[in-house]
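Listing of entry_9.cif; format and content: mmCIF, C-alpha atoms.
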```
data_target
#
loop_
_atom_site.label_atom_id
_atom_site.label_comp_id
_atom_site.auth_asym_id
_atom_site.auth_seq_id
_atom_site.Cartn_x
_atom_site.Cartn_y
_atom_site.Cartn_z
CA MET A 1 0.00 0.00 0.00
CA LYS A 2 1.40 3.39 -1.00
CA PHE A 3 2.75 5.48 1.89
CA ASN A 4 0.70 8.62 2.46
CA PRO A 5 2.12 10.93 5.13
CA ALA A 6 -1.08 12.93 5.64
CA ASP A 7 -3.05 9.75 6.35
CA LYS A 8 -0.47 8.75 8.95
CA ILE A 9 -0.94 12.07 10.76
CA GLN A 10 -4.75 11.84 10.55
CA ASP A 11 -4.78 8.31 11.97
CA LEU A 12 -3.23 9.49 15.24
CA GLN A 13 -5.92 10.17 17.81
CA TYR A 14 -5.21 11.52 21.28
CA PHE A 15 -7.36 12.21 24.31
CA GLY A 16 -6.52 14.83 26.88
CA GLU A 17 -6.31 14.13 30.58
CA PHE A 18 -9.98 15.07 31.03
CA GLY A 19 -11.21 13.72 27.69
CA GLY A 20 -10.23 16.73 25.61
CA VAL A 21 -9.79 16.32 21.87
CA ASN A 22 -6.30 17.78 22.27
CA PRO A 23 -3.77 16.07 24.53
CA SER A 24 -3.19 17.82 27.83
CA ILE A 25 -0.12 20.07 28.03
CA THR A 26 2.40 18.96 30.63
CA ASP A 27 3.62 22.21 32.14
CA SER A 28 6.30 20.76 34.41
CA SER A 29 10.08 20.95 34.34
CA THR A 30 10.54 17.87 36.53
CA TYR A 31 8.59 14.70 37.31
CA THR A 32 8.02 12.73 40.46
CA PHE A 33 8.84 9.05 41.09
CA LEU A 34 6.90 6.72 43.35
CA SER A 35 10.07 4.82 44.22
CA ALA A 36 13.77 5.59 44.37
CA LYS A 37 14.54 2.50 42.31
CA THR A 38 12.43 3.79 39.39
CA MET A 39 14.41 7.04 39.42
CA PHE A 40 17.65 5.04 39.30
CA ASP A 41 16.33 2.88 36.46
CA THR A 42 15.29 5.98 34.51
CA PHE A 43 18.79 7.45 34.77
CA GLU A 44 20.10 4.14 33.47
CA GLY A 45 17.63 4.32 30.56
CA ASN A 46 15.64 1.28 31.66
CA ALA A 47 12.29 2.72 32.78
CA ASP A 48 10.29 3.23 29.61
CA GLY A 49 7.28 5.49 30.04
CA CYS A 50 8.67 7.33 33.05
CA TYR A 51 9.55 11.02 32.79
CA LEU A 52 12.64 12.42 34.38
CA TYR A 53 13.23 16.05 33.51
CA SER A 54 11.93 18.21 30.67
CA ARG A 55 15.34 18.52 29.02
CA HIS A 56 15.14 14.76 28.52
CA SER A 57 11.53 14.59 27.29
CA THR A 58 7.94 15.46 28.15
CA PRO A 59 4.58 13.93 27.25
CA SER A 60 3.77 16.97 25.09
CA ASN A 61 7.03 16.63 23.17
CA LEU A 62 6.49 12.90 22.73
CA TYR A 63 3.02 13.50 21.25
CA LEU A 64 4.52 15.86 18.67
CA GLY A 65 7.45 13.53 18.02
CA GLU A 66 5.07 10.63 17.44
CA ALA A 67 3.12 12.63 14.85
CA LEU A 68 6.29 13.69 13.04
CA ALA A 69 7.65 10.13 13.04
CA ALA A 70 4.34 8.94 11.57
CA MET A 71 4.58 11.62 8.89
CA GLU A 72 8.10 10.55 7.90
CA GLY A 73 7.58 6.83 8.39
CA THR A 74 10.29 6.37 11.02
CA GLU A 75 10.18 4.46 14.30
CA THR A 76 10.24 7.58 16.45
CA ALA A 77 11.41 11.19 16.64
CA ASN A 78 12.88 13.76 19.02
CA VAL A 79 11.83 17.41 18.91
CA ALA A 80 14.17 20.31 19.62
CA ALA A 81 13.96 24.03 20.27
CA SER A 82 15.10 24.96 16.74
CA GLY A 83 16.10 23.46 13.42
CA MET A 84 19.77 23.96 14.25
CA GLY A 85 19.03 22.42 17.65
CA ALA A 86 18.08 19.27 15.72
CA ILE A 87 20.86 19.34 13.10
CA THR A 88 23.87 19.94 15.33
CA PRO A 89 23.27 17.12 17.87
CA VAL A 90 22.70 14.61 15.05
CA LEU A 91 26.04 15.40 13.43
CA LEU A 92 27.91 15.48 16.74
CA GLN A 93 26.35 12.16 17.76
CA LEU A 94 27.40 10.47 14.53
CA VAL A 95 30.81 12.05 13.92
CA GLY A 96 33.79 12.54 16.22
CA ALA A 97 37.31 13.96 16.17
CA GLY A 98 39.35 12.79 13.19
CA GLU A 99 36.24 11.81 11.22
CA HIS A 100 34.70 13.25 8.09
CA ILE A 101 31.39 14.40 6.55
CA VAL A 102 30.48 14.69 2.88
CA SER A 103 27.87 17.42 2.53
CA SER A 104 25.93 19.10 -0.22
CA ARG A 105 27.48 22.46 -1.12
CA THR A 106 24.07 24.16 -1.20
CA ILE A 107 22.55 23.92 2.25
CA TYR A 108 21.07 26.32 4.77
CA GLY A 109 23.63 28.96 5.73
CA GLY A 110 23.55 28.06 9.42
CA THR A 111 24.30 24.41 8.68
CA TYR A 112 27.08 25.46 6.30
CA ALA A 113 28.61 27.72 8.96
CA PHE A 114 28.44 24.93 11.56
CA LEU A 115 30.24 22.48 9.26
CA LYS A 116 32.69 24.98 7.78
CA ASN A 117 33.61 27.10 10.81
CA PHE A 118 32.65 25.27 14.00
CA THR A 119 33.17 21.52 13.66
CA PRO A 120 36.84 21.87 12.53
CA ARG A 121 37.50 23.11 16.09
CA LEU A 122 36.38 19.64 17.20
CA GLY A 123 38.57 17.84 14.66
CA ILE A 124 35.70 17.12 12.26
CA GLU A 125 36.26 17.95 8.60
CA THR A 126 33.65 18.37 5.86
CA THR A 127 33.94 18.15 2.08
CA PHE A 128 31.27 20.18 0.25
CA VAL A 129 30.22 18.71 -3.10
CA ASP A 130 27.65 19.02 -5.85
CA ILE A 131 25.19 16.56 -4.35
CA THR A 132 23.48 16.04 -7.71
CA LYS A 133 26.58 14.24 -9.06
CA LEU A 134 26.80 10.82 -7.42
CA ASP A 135 30.24 10.14 -8.90
CA VAL A 136 31.58 13.31 -7.27
CA VAL A 137 29.96 12.32 -3.96
CA GLU A 138 31.51 8.86 -4.11
CA ALA A 139 34.94 10.22 -4.99
CA SER A 140 34.83 12.42 -1.86
CA ILE A 141 34.24 9.51 0.54
CA THR A 142 37.30 8.52 2.58
CA LYS A 143 37.90 5.84 5.18
CA GLU A 144 37.18 8.51 7.83
CA THR A 145 33.79 9.47 6.36
CA LYS A 146 30.83 8.73 8.63
CA VAL A 147 27.95 10.82 7.23
CA LEU A 148 26.46 11.91 3.92
CA TYR A 149 24.47 15.10 4.52
CA CYS A 150 22.04 16.83 2.18
CA GLU A 151 18.73 18.61 1.86
CA SER A 152 15.94 16.99 -0.18
CA VAL A 153 15.51 20.31 -1.95
CA SER A 154 18.43 22.60 -1.25
CA ASN A 155 18.38 26.07 0.25
CA PRO A 156 18.40 28.35 -1.70
CA LEU A 157 19.22 26.95 -5.16
CA LEU A 158 16.51 24.25 -5.10
CA GLU A 159 18.85 21.48 -6.20
CA VAL A 160 17.22 18.07 -5.73
CA ALA A 161 19.09 15.24 -4.02
CA ASP A 162 18.87 11.71 -5.43
CA ILE A 163 18.03 10.16 -2.08
CA VAL A 164 17.80 6.62 -3.46
CA GLY A 165 21.22 6.93 -5.10
CA LEU A 166 22.77 8.54 -2.02
CA SER A 167 21.28 5.81 0.16
CA ALA A 168 22.94 3.16 -2.01
CA LEU A 169 26.30 4.93 -1.57
CA ALA A 170 25.75 5.20 2.19
CA LYS A 171 25.05 1.47 2.44
CA LYS A 172 28.03 0.62 0.21
CA TYR A 173 30.45 2.50 2.48
CA ASN A 174 28.63 1.91 5.80
CA LEU A 175 27.71 5.58 6.25
CA LYS A 176 24.64 7.31 7.66
CA LEU A 177 22.56 9.35 5.21
CA VAL A 178 21.14 12.41 6.98
CA VAL A 179 18.53 14.39 5.03
CA ASP A 180 17.07 17.79 5.91
CA ASN A 181 13.52 17.72 4.51
CA THR A 182 12.45 21.22 5.59
CA PHE A 183 11.59 22.43 2.06
CA SER A 184 9.48 19.43 1.10
CA PRO A 185 7.33 18.03 3.93
CA LEU A 186 4.74 15.52 2.65
CA SER A 187 5.99 15.92 -0.94
CA ILE A 188 9.09 13.81 -0.28
CA SER A 189 9.48 11.06 2.33
CA PRO A 190 13.27 10.56 2.64
CA ALA A 191 13.13 7.64 5.09
CA LYS A 192 11.01 5.70 2.61
CA LEU A 193 13.68 6.38 -0.02
CA GLY A 194 16.54 5.12 2.15
CA ALA A 195 17.59 7.99 4.44
CA ASP A 196 18.75 6.93 7.91
CA VAL A 197 17.88 10.20 9.67
CA VAL A 198 15.39 12.88 8.60
CA ILE A 199 15.52 16.40 10.01
CA HIS A 200 13.11 19.32 9.78
CA SER A 201 13.07 22.89 10.92
CA LEU A 202 9.54 22.92 12.33
CA THR A 203 9.71 26.72 12.18
CA LYS A 204 8.82 26.63 8.50
CA PHE A 205 6.01 24.81 6.66
CA ILE A 206 5.17 22.30 9.38
CA ASN A 207 4.19 24.95 11.93
CA GLY A 208 3.19 27.39 9.20
CA SER A 209 2.44 30.54 11.20
CA SER A 210 5.93 32.02 11.75
CA ASP A 211 5.35 32.27 15.50
CA THR A 212 7.45 29.36 16.73
CA VAL A 213 11.01 28.09 16.33
CA GLY A 214 11.47 24.31 16.46
CA GLY A 215 13.18 21.27 15.01
CA VAL A 216 12.87 17.50 14.87
CA VAL A 217 15.05 14.44 14.30
CA CYS A 218 13.21 11.41 12.88
CA GLY A 219 14.97 8.05 12.99
CA THR A 220 15.22 4.64 14.63
CA GLN A 221 14.35 4.09 18.27
CA ASP A 222 17.97 3.16 18.97
CA PHE A 223 19.34 6.37 17.46
CA ILE A 224 16.82 8.62 19.22
CA ASN A 225 17.59 6.82 22.49
CA ASP A 226 21.28 7.55 21.87
CA LEU A 227 20.52 11.25 21.34
CA ARG A 228 18.54 11.40 24.60
CA ASN A 229 20.97 9.35 26.69
CA VAL A 230 21.72 11.19 29.95
CA ASN A 231 25.40 10.23 29.86
CA ASP A 232 26.49 10.85 26.27
CA GLY A 233 23.45 11.87 24.21
CA ALA A 234 24.06 15.05 22.22
CA SER A 235 20.44 16.23 22.36
CA MET A 236 20.30 15.71 26.13
CA LEU A 237 23.67 17.28 26.88
CA LEU A 238 23.50 20.23 24.48
CA GLY A 239 20.13 21.16 25.94
CA SER A 240 18.13 22.31 22.91
CA THR A 241 14.78 21.43 24.46
CA MET A 242 11.40 22.36 23.04
CA ASP A 243 8.91 23.93 25.41
CA SER A 244 5.74 21.90 25.98
CA LEU A 245 3.46 24.80 25.06
CA ARG A 246 5.24 25.19 21.72
CA ALA A 247 5.07 21.45 21.07
CA SER A 248 1.33 21.51 21.65
CA SER A 249 0.91 24.47 19.30
CA ILE A 250 2.86 22.82 16.47
CA LEU A 251 0.93 19.57 16.88
CA LYS A 252 -2.34 21.45 16.33
CA ASN A 253 -0.97 23.14 13.21
CA MET A 254 0.17 19.81 11.76
CA ARG A 255 -3.47 18.87 11.25
CA THR A 256 -3.77 21.39 8.41
CA LEU A 257 -0.33 20.73 6.89
CA HIS A 258 -1.68 18.68 3.96
CA ILE A 259 -4.13 21.42 3.00
CA ARG A 260 -1.49 24.12 3.28
CA MET A 261 1.18 22.24 1.32
CA LYS A 262 -1.22 21.60 -1.57
CA GLN A 263 -2.00 25.32 -1.77
CA HIS A 264 1.64 26.40 -1.37
CA SER A 265 2.58 24.04 -4.21
CA PHE A 266 -0.31 25.08 -6.46
CA ASN A 267 0.50 28.77 -6.04
CA ALA A 268 4.25 28.33 -6.50
CA ALA A 269 3.73 26.26 -9.66
CA PHE A 270 1.41 28.93 -11.08
CA LEU A 271 3.89 31.74 -10.44
CA ALA A 272 6.85 29.71 -11.73
CA ASP A 273 5.06 28.99 -15.02
CA LYS A 274 4.14 32.65 -15.47
CA PHE A 275 7.57 34.01 -14.53
CA GLU A 276 9.34 31.61 -16.88
CA ALA A 277 6.97 32.54 -19.70
CA ASP A 278 7.77 36.20 -19.04
CA GLY A 279 11.45 35.46 -19.66
CA LEU A 280 12.65 35.54 -16.07
CA LYS A 281 15.32 33.03 -15.06
CA THR A 282 13.11 30.89 -12.84
CA VAL A 283 14.03 27.82 -10.82
CA TYR A 284 11.26 25.54 -9.52
CA PRO A 285 11.34 21.73 -9.37
CA GLY A 286 7.91 21.58 -10.98
CA LEU A 287 9.17 23.22 -14.18
CA LYS A 288 10.28 20.88 -16.95
CA SER A 289 13.30 23.16 -17.37
CA HIS A 290 14.54 22.20 -13.87
CA PRO A 291 17.47 19.77 -14.33
CA SER A 292 16.07 17.46 -11.65
CA HIS A 293 12.38 17.70 -12.56
CA GLN A 294 12.12 14.01 -13.45
CA LEU A 295 14.11 12.99 -10.37
CA PHE A 296 11.73 14.91 -8.12
CA LYS A 297 8.74 13.30 -9.87
CA SER A 298 10.24 9.84 -9.29
CA MET A 299 10.52 10.48 -5.52
CA MET A 300 7.45 12.57 -4.75
CA ASN A 301 4.11 11.89 -3.12
CA ALA A 302 2.37 13.45 -6.12
CA GLU A 303 -0.74 14.98 -4.55
CA TYR A 304 1.32 17.45 -2.48
CA GLY A 305 3.07 18.98 -5.48
CA PHE A 306 6.58 20.33 -5.94
CA GLY A 307 6.63 22.57 -2.88
CA GLY A 308 6.19 26.24 -2.15
CA MET A 309 9.72 27.51 -2.90
CA LEU A 310 10.97 29.11 -6.10
CA THR A 311 13.73 31.48 -7.14
CA ILE A 312 13.99 34.17 -9.80
CA ASP A 313 17.11 36.03 -10.91
CA VAL A 314 16.55 39.72 -11.62
CA GLY A 315 20.16 40.49 -12.53
CA SER A 316 21.49 42.57 -9.66
CA LEU A 317 21.18 43.03 -5.91
CA GLY A 318 19.95 46.59 -6.45
CA LYS A 319 17.03 45.43 -8.59
CA ALA A 320 16.32 42.55 -6.23
CA ASN A 321 16.12 44.87 -3.23
CA ALA A 322 14.01 47.45 -5.08
CA LEU A 323 11.57 44.79 -6.27
CA MET A 324 11.22 43.21 -2.84
CA GLU A 325 10.68 46.59 -1.18
CA LEU A 326 8.00 47.49 -3.74
CA MET A 327 6.23 44.12 -3.41
CA GLN A 328 6.18 44.58 0.37
CA HIS A 329 4.80 48.11 -0.07
CA LYS A 330 2.03 46.66 -2.27
CA ASN A 331 1.13 44.12 0.47
CA LEU A 332 2.21 41.16 -1.67
CA GLY A 333 4.30 39.71 1.13
CA TYR A 334 7.17 40.46 3.44
CA LEU A 335 10.85 41.15 2.91
CA ALA A 336 11.86 38.59 5.49
CA VAL A 337 13.90 35.45 5.96
CA SER A 338 12.38 32.04 6.73
CA LEU A 339 9.59 30.31 4.82
CA GLY A 340 6.29 28.49 5.11
CA PHE A 341 4.19 31.49 6.21
CA TYR A 342 0.64 32.11 4.96
CA LYS A 343 1.90 35.28 3.26
CA THR A 344 4.68 35.19 0.66
CA LEU A 345 8.16 35.82 2.08
CA PHE A 346 11.04 36.98 -0.12
CA SER A 347 14.73 37.55 0.45
CA ALA A 348 18.01 37.81 -1.44
CA PRO A 349 19.81 34.74 -0.02
CA GLY A 350 23.31 35.87 -0.94
CA SER A 351 23.04 38.75 1.52
CA SER A 352 20.80 37.05 4.07
CA THR A 353 20.15 33.35 4.73
CA SER A 354 23.27 32.22 2.83
CA SER A 355 25.50 35.14 3.81
CA GLU A 356 27.66 32.75 5.86
CA ILE A 357 28.92 31.31 2.56
CA PRO A 358 31.91 33.36 1.23
CA GLU A 359 31.22 35.38 -1.93
CA ASP A 360 33.64 33.38 -4.08
CA GLU A 361 31.94 30.13 -3.06
CA GLN A 362 28.49 31.64 -3.68
CA LYS A 363 29.61 32.52 -7.20
CA GLU A 364 31.03 29.05 -7.78
CA MET A 365 27.75 27.35 -6.82
CA GLY A 366 25.64 29.73 -8.91
CA LEU A 367 24.25 31.87 -6.11
CA SER A 368 24.07 35.27 -7.83
CA ASN A 369 23.49 38.71 -6.30
CA GLY A 370 20.24 39.11 -8.21
CA LEU A 371 18.68 35.89 -6.92
CA ILE A 372 15.40 36.26 -5.03
CA ARG A 373 14.05 33.33 -3.05
CA LEU A 374 10.27 33.29 -2.69
CA SER A 375 8.34 31.24 -0.18
CA VAL A 376 4.97 31.44 -1.89
CA GLY A 377 2.02 31.98 0.42
CA LEU A 378 -1.53 30.68 0.58
CA ASP A 379 -3.07 33.43 -1.59
CA ASN A 380 -6.63 32.56 -2.60
CA ASP A 381 -6.41 34.25 -6.02
CA ILE A 382 -2.88 33.55 -7.22
CA GLU A 383 -3.57 35.05 -10.67
CA ARG A 384 -4.33 38.39 -8.99
CA THR A 385 -1.06 38.07 -7.06
CA TYR A 386 0.85 37.35 -10.25
CA LYS A 387 -0.55 40.41 -12.03
CA LEU A 388 0.40 42.65 -9.10
CA MET A 389 3.90 41.14 -8.94
CA LYS A 390 4.35 41.60 -12.69
CA SER A 391 3.34 45.25 -12.42
CA CYS A 392 6.02 45.71 -9.73
CA MET A 393 8.58 44.06 -12.00
CA ILE A 394 7.66 46.36 -14.88
CA GLU A 395 7.90 49.42 -12.61
CA ILE A 396 11.38 48.42 -11.39
CA GLY A 397 12.57 47.51 -14.87
CA VAL A 398 12.97 43.79 -14.27
CA LEU A 399 10.50 43.14 -17.12
#
```
As structure tokens, please, write out the structure in this file.
Amino acid sequence: MKFNPADKIQDLQYFGEFGGVNPSITDSSTYTFLSAKTMFDTFEGNADGCYLYSRHSTPSNLYLGEALAAMEGTETANVAASGMGAITPVLLQLVGAGEHIVSSRTIYGGTYAFLKNFTPRLGIETTFVDITKLDVVEASITKETKVLYCESVSNPLLEVADIVGLSALAKKYNLKLVVDNTFSPLSISPAKLGADVVIHSLTKFINGSSDTVGGVVCGTQDFINDLRNVNDGASMLLGSTMDSLRASSILKNMRTLHIRMKQHSFNAAFLADKFEADGLKTVYPGLKSHPSHQLFKSMMNAEYGFGGMLTIDVGSLGKANALMELMQHKNLGYLAVSLGFYKTLFSAPGSSTSSEIPEDEQKEMGLSNGLIRLSVGLDNDIERTYKLMKSCMIEIGVL
């Protein structure tokens, strides 16, 4: 039977402490034990179902983790206070001093900065490669390599990773394939394609209202247990704990994720088609001109579309900034970082979310000054939005 992530979320049914249709929020930092032996067993990791301390886990966080694991088709999941609070413990749990990571060259700027600038202080080296070229990926693997790291759809260039091919390489060399799926929830299910660990920034599409920062790690029970281990678990010891109130809020918003993703994808596809027809250099996985269009189609859960992210290149940073300022003035969206909001968000990644990447490396990977990244919103009349955006482009001289 075909895996459908939205069905998996819908099939979860919780009852609150007093019969509420939402699970009760556990607003406690610490939990009591009826016996001293149970406390000892919990510290040793042997008392399943007992709660110790909110940095370790809470019932509210476990409810959200269960829903996210169901969505991704993994055994379990662990939520964190931010996307980076999910990414960094995973990499530090899997890789130690003297070991090596092969990573996509186009990834979120914060992840790039962590791998490029921070982990070398711990004796961990990273080779950044064009993840779309499996021969280049394989040639970069050494005997010290422990992890292949990529994003399903990369930030901000929207390169698509061949997760099945990367999984085969990971198995061949006994590596862990870690995939950040933030740009493509529901559309792509990396664990079903062979990923060992799936990460999301919950801040984006999954929460959807730009009012909460959060992250999640989806994987095997053994790996999540390792992350939460009180003695050497990176998630436990680094302390990036999600608050129970936030976990409850995100869980509620997950119930509309399938509706939102369909609309984000529909609107983005409409704009991408129009922009490309107008002669703009447009990148969107749903366009036949995208080099990985067929690859995306081969991996996707089709009903959720090609996602809500697209880029256009308007030629210069000056034009990009002028266009974004005018579109904001016309109430078409916000000049803001992040993504997944109900309104369209736009930014020039080279000077914002990817600014951690040096200019020469940005140029090498094709990240131009005139690139605008759009997280397309949930506009009801997307044709109206397009006409207004086009009028802004004509006024600025982009068209």
| task | Go through the shown structure with the PyMOL selection byres ((chain A and resi 84) around 8) and write out the matching residues as number ranges by chain. | result | A: 82-83, 85-88, 110-111, 201, 215
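Near Ser289 in chain A, within a cut-off of 12 Å and counting only C-alpha atoms, sit the residues Ala272, Asp273, Glu276, Ala277, Lys281, Thr282, Val283, Tyr284 and Gln294 of chain A, with same-chain residues fewer than 5 positions away left out.
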| task | Provide the CA of Leu280 in chain A to CA of Gly397 in chain A distance in Å, to one decimal place. | result | 12.0 Å
| query | For the atom pair CA of Phe183 in chain A and CA of Val153 in chain A, what is the interatomic distance in Å to one decimal place? | reply |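 CA of Val153 in chain A lies at a distance of 6.0 Å from CA of Phe183 in chain A.
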Neighbouring residues of Ser152 in chain A were defined as those with any atom within 12 Å, considering all atoms listed in the file; residues of the same chain fewer than 6 positions away were excluded. Please report them as a short mmCIF file (atom, residue, chain, number, x, y, z; two decimals) with C-alpha atoms, keeping the file's coordinate frame.
```cif
data_model
loop_
_atom_site.label_atom_id
_atom_site.label_comp_id
_atom_site.auth_asym_id
_atom_site.auth_seq_id
_atom_site.Cartn_x
_atom_site.Cartn_y
_atom_site.Cartn_z
CA SER A 104 25.93 19.10 -0.22
CA THR A 106 24.07 24.16 -1.20
CA ILE A 107 22.55 23.92 2.25
CA TYR A 108 21.07 26.32 4.77
CA ILE A 131 25.19 16.56 -4.35
CA THR A 132 23.48 16.04 -7.71
CA LEU A 158 16.51 24.25 -5.10
CA GLU A 159 18.85 21.48 -6.20
CA VAL A 160 17.22 18.07 -5.73
CA ALA A 161 19.09 15.24 -4.02
CA ASP A 162 18.87 11.71 -5.43
CA ILE A 163 18.03 10.16 -2.08
CA VAL A 164 17.80 6.62 -3.46
CA LEU A 166 22.77 8.54 -2.02
CA LEU A 177 22.56 9.35 5.21
CA VAL A 178 21.14 12.41 6.98
CA VAL A 179 18.53 14.39 5.03
CA ASP A 180 17.07 17.79 5.91
CA ASN A 181 13.52 17.72 4.51
CA THR A 182 12.45 21.22 5.59
CA PHE A 183 11.59 22.43 2.06
CA SER A 184 9.48 19.43 1.10
CA PRO A 185 7.33 18.03 3.93
CA LEU A 186 4.74 15.52 2.65
CA SER A 187 5.99 15.92 -0.94
CA ILE A 188 9.09 13.81 -0.28
CA SER A 189 9.48 11.06 2.33
CA PRO A 190 13.27 10.56 2.64
CA ALA A 191 13.13 7.64 5.09
CA LEU A 193 13.68 6.38 -0.02
CA ALA A 195 17.59 7.99 4.44
CA VAL A 198 15.39 12.88 8.60
CA ILE A 199 15.52 16.40 10.01
CA HIS A 200 13.11 19.32 9.78
CA PRO A 285 11.34 21.73 -9.37
CA SER A 292 16.07 17.46 -11.65
CA LEU A 295 14.11 12.99 -10.37
CA PHE A 296 11.73 14.91 -8.12
CA MET A 299 10.52 10.48 -5.52
CA MET A 300 7.45 12.57 -4.75
CA PHE A 306 6.58 20.33 -5.94
CA GLY A 307 6.63 22.57 -2.88
#
```
| field | Within 12 Å of Arg228 in chain A using only C-alpha atoms, minus same-chain residues under 2 positions, as an MDAnalysis selection string | value | chainID A and resid 42:45 52:58 77:80 86 89:90 93 217 221:226 230:241
Once the PyMOL selection byres ((chain A and resi 2) around 12) is applied to the coordinates I shared, what remains selected? I want it as an mmCIF file with C-alpha atoms, in the coordinates of the input.
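The file below, selection.cif, is the result:
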```cif
data_model
loop_
_atom_site.group_PDB
_atom_site.id
_atom_site.type_symbol
_atom_site.label_atom_id
_atom_site.label_comp_id
_atom_site.auth_asym_id
_atom_site.auth_seq_id
_atom_site.Cartn_x
_atom_site.Cartn_y
_atom_site.Cartn_z
ATOM 1 C CA MET A 1 0.000 0.000 0.000
ATOM 2 C CA PHE A 3 2.750 5.480 1.890
ATOM 3 C CA ASN A 4 0.700 8.620 2.460
ATOM 4 C CA PRO A 5 2.120 10.930 5.130
ATOM 5 C CA ALA A 6 -1.080 12.930 5.640
ATOM 6 C CA ASP A 7 -3.050 9.750 6.350
ATOM 7 C CA LYS A 8 -0.470 8.750 8.950
ATOM 8 C CA GLY A 73 7.580 6.830 8.390
ATOM 9 C CA SER A 189 9.480 11.060 2.330
ATOM 10 C CA LYS A 192 11.010 5.700 2.610
ATOM 11 C CA MET A 300 7.450 12.570 -4.750
ATOM 12 C CA ASN A 301 4.110 11.890 -3.120
ATOM 13 C CA ALA A 302 2.370 13.450 -6.120
#
```
| said: Please determine, counting only C-alpha atoms, which residue among A:Leu332, A:Cys218, A:Val147, A:Met71 has the shortest atom-to-atom distance to Ser103 in chain A. | reply: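 For Ser103 in chain A, the nearest of the given residues is A:Val147.
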Could you tell me which residues the PyMOL selection byres ((chain A and resi 386) around 10) grabs in this file, written as a short mmCIF file (atom, residue, chain, number, x, y, z; two decimals) with C-alpha atoms, keeping the file's coordinate frame?
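out.cif was written with the following content:
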```cif
data_model
loop_
_atom_site.label_atom_id
_atom_site.label_comp_id
_atom_site.auth_asym_id
_atom_site.auth_seq_id
_atom_site.Cartn_x
_atom_site.Cartn_y
_atom_site.Cartn_z
CA ASN A 267 0.50 28.77 -6.04
CA PHE A 270 1.41 28.93 -11.08
CA LEU A 271 3.89 31.74 -10.44
CA ALA A 272 6.85 29.71 -11.73
CA LYS A 274 4.14 32.65 -15.47
CA PHE A 275 7.57 34.01 -14.53
CA LEU A 332 2.21 41.16 -1.67
CA ASP A 381 -6.41 34.25 -6.02
CA ILE A 382 -2.88 33.55 -7.22
CA GLU A 383 -3.57 35.05 -10.67
CA ARG A 384 -4.33 38.39 -8.99
CA THR A 385 -1.06 38.07 -7.06
CA LYS A 387 -0.55 40.41 -12.03
CA LEU A 388 0.40 42.65 -9.10
CA MET A 389 3.90 41.14 -8.94
CA LYS A 390 4.35 41.60 -12.69
CA SER A 391 3.34 45.25 -12.42
CA CYS A 392 6.02 45.71 -9.73
#
```
| field | Near-range 205-212 of chain A list (10 Å; only C-alpha atoms; drop same-chain fewer than 5 positions) as a PyMOL selection string | value | chain A and resi 68+81-82+182-186+200+246-247+249-258+260-261+264+307-308+338-343+375+377
| task | For each of A:Arg105, A:Gly16, A:Ser316, A:Leu92, take the minimum atom-to-atom distance to Lys133 in chain A, counting all atoms listed in the file, then give the residue where this is smallest. | result |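 Closest to Lys133 in chain A of all the choices is A:Arg105.
We find CA of Asn117 in chain A and CA of Asn155 in chain A to be spaced 18.6 Å apart.
You can rank A:Ile396, A:Ala336, A:Leu169, A:Leu345 by their closest distance to Ala320 in chain A using all atoms listed in the file, and at the top of that list sits A:Ile396.
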| message | Taking only C-alpha atoms into account, name the residue in A:Arg121, A:Lys146, A:Lys262, A:Lys37 that is nearest to Glu99 in chain A. | response | A:Lys146
| query | Which residue gives the smallest distance to Gln13 in chain A among A:Ala67, A:Val216, A:Leu287, A:Ala269, with only C-alpha atoms counted? | reply |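 The shortest atom-to-atom distance to Gln13 in chain A comes from A:Ala67.
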| Pick from A:Pro291, A:Thr74, A:Asp313, A:Ser347: nearest to Asp196 in chain A, with only C-alpha atoms counted? |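 Answer, going by the shortest atom-to-atom distance: A:Thr74.
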| said: Residues near Ala348 in chain A, anyone? I mean within 12 Å using only C-alpha atoms, not counting same-chain ones fewer than 2 positions away, as a ChimeraX atom specification. | reply: /A:155-157,311-325,335-338,345-346,350-355,367-375
